[in-house]
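Trainee: Pasting a structure here, questions to come.
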Amino acid sequence: MTKTVFIDGAAGTTGLEIAERLAGRSEFVLLTLPDTERKDAARRAEALNGADFVILCLPDAAAIEAVAMIRNDSTKIIDASTAHRVAPGWAYGFPELSAGQRDAIAGSTRVSNPGCYPTGFLALVAPLVAAGIVPTDARLSVNAVSGYSGGGKELIARFVAEPDIGFRSYGLSLNHKHVPEMQRGAGLTHPPLFAPAVVPVYRGMLVEVPLSFDAPTADAAFDALAAHFDGSPLVSVRRGDENELLLSQKDEATDRMELALFSDPAGRQLRLVARLDNLGKGASGACVQNLNIMAGLPETAGLRI
């Protein structure tokens, strides 16, 4: 049976890429509003309440407002904003996070899409915490760079207008809104120290977590990651052996994520790196994956793999 989908915020980068992944699929019909009605409260409320699925691609405050406008118990919501990622009653939309996560997403009417940086961080760290390799009270740091499309239209416009920008660090107040979901999703006692930056490529990101141990740990860490993601259609794990990792203007859109473990010869110092598309597995691709799961469809349908 065909289901209706309304993307609130369809004109933004994430919304446009979700629509591209749904184009031509017979399982879904997109409900759309003319540009002149996108901010009309009555028409938005009608669309929000009339759809089988609603995907929110909005700023946090607008996402909270949209959820409050839904007056029925049947509409299922996927929120791509930060607003509900640690909120009670919302399933966290990272199917690969733990054994029961897919079932939680499938059975929920409220799913919060993960952030792009937390997706990489949690893929690297959560399985090691669950395996007891990284203690829950570890004080971790995460260094990451992203393409500028993750900042939305304003940041895209800035990088286009200022082509000399080579590196833009931010989050320097150390209270970035991604940190709570990183801490909770990994089961950590302490918030990780998060150091994000933007580089002059349109899409793609590298998320790195350095670890240091008193005993050789590289093999055990790799085995834990490989076992956790064994059989995953979207996440792969490998031992890294090259001398560089690159983001390129030519990187193609993908909904896959690659995890790599680099270590010193003794296996005591590790650099864990997640490579993903901030607009794919980090945003739009993850939304469509969650939509498929909630609709009881193959979870990779329509994805770029």
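Ordering of the structure tokens sets the chain letters (A, B, ...), residue numbers begin anew at 1 in every chain, and ligands are numbered from 1 in the order given.
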Considering only C-alpha atoms, give me a table of residues in region 231-297 of chain A that are at most 12 Å from region 54-61 of chain A, with the closest atom pair and distance in Å for each, as JSON lines.

Mentor:
```
{"residue": "A:Ala283", "atom": "CA", "partner": "A:Cys57", "partner_atom": "CA", "distance": 9.6}
{"residue": "A:Ser284", "atom": "CA", "partner": "A:Cys57", "partner_atom": "CA", "distance": 9.4}
{"residue": "A:Ala286", "atom": "CA", "partner": "A:Ile55", "partner_atom": "CA", "distance": 11.5}
{"residue": "A:Cys287", "atom": "CA", "partner": "A:Ile55", "partner_atom": "CA", "distance": 7.8}
{"residue": "A:Val288", "atom": "CA", "partner": "A:Ile55", "partner_atom": "CA", "distance": 9.4}
{"residue": "A:Asn290", "atom": "CA", "partner": "A:Ile55", "partner_atom": "CA", "distance": 10.3}
{"residue": "A:Leu291", "atom": "CA", "partner": "A:Ile55", "partner_atom": "CA", "distance": 8.7}
{"residue": "A:Met294", "atom": "CA", "partner": "A:Val54", "partner_atom": "CA", "distance": 11.6}
```

Trainee: Name the residues of region 42-139 of chain A that fall into alpha helix (DSSP H) according to DSSP on the backbone, using the chain letters and numbers of this document, as a PyMOL selection string.

Mentor: chain A and resi 42-50+60-69+101-106+116-130

Trainee: Can you list, as an MDAnalysis selection string, every protein, DNA or RNA residue that comes within 9 Å of region 153-163 of chain A when you count only C-alpha atoms, leaving out same-chain residues fewer than 2 positions away?

Mentor: chainID A and resid 12:13 148:151 165:166 200 202

Trainee: Quick one: of A:Gly120, A:Gly204, A:Pro196, A:Gly147, who's nearest to Val273 (chain A), counting only C-alpha atoms?

Mentor: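 With only C-alpha atoms as the atom set, the closest residue is A:Gly120.
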
Trainee: If you measure from CA of Val111 (chain A) to CA of Ala226 (chain A), what distance in Å do you get, rounded to one decimal?

Mentor: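 Separation between CA of Val111 (chain A) and CA of Ala226 (chain A): 26.6 Å.
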
Trainee: Would you compute the distance between CA of Phe121 (chain A) and CA of Arg184 (chain A)? Give it in Å to one decimal.

Mentor: 11.7 Å

Trainee: Restricting the calculation to only C-alpha atoms: of A:Gly24, A:Leu30, A:Val86, A:Phe229, which residue gets closest to Pro127 (chain A)?

Mentor: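 Answer, going by the shortest atom-to-atom distance: A:Phe229.
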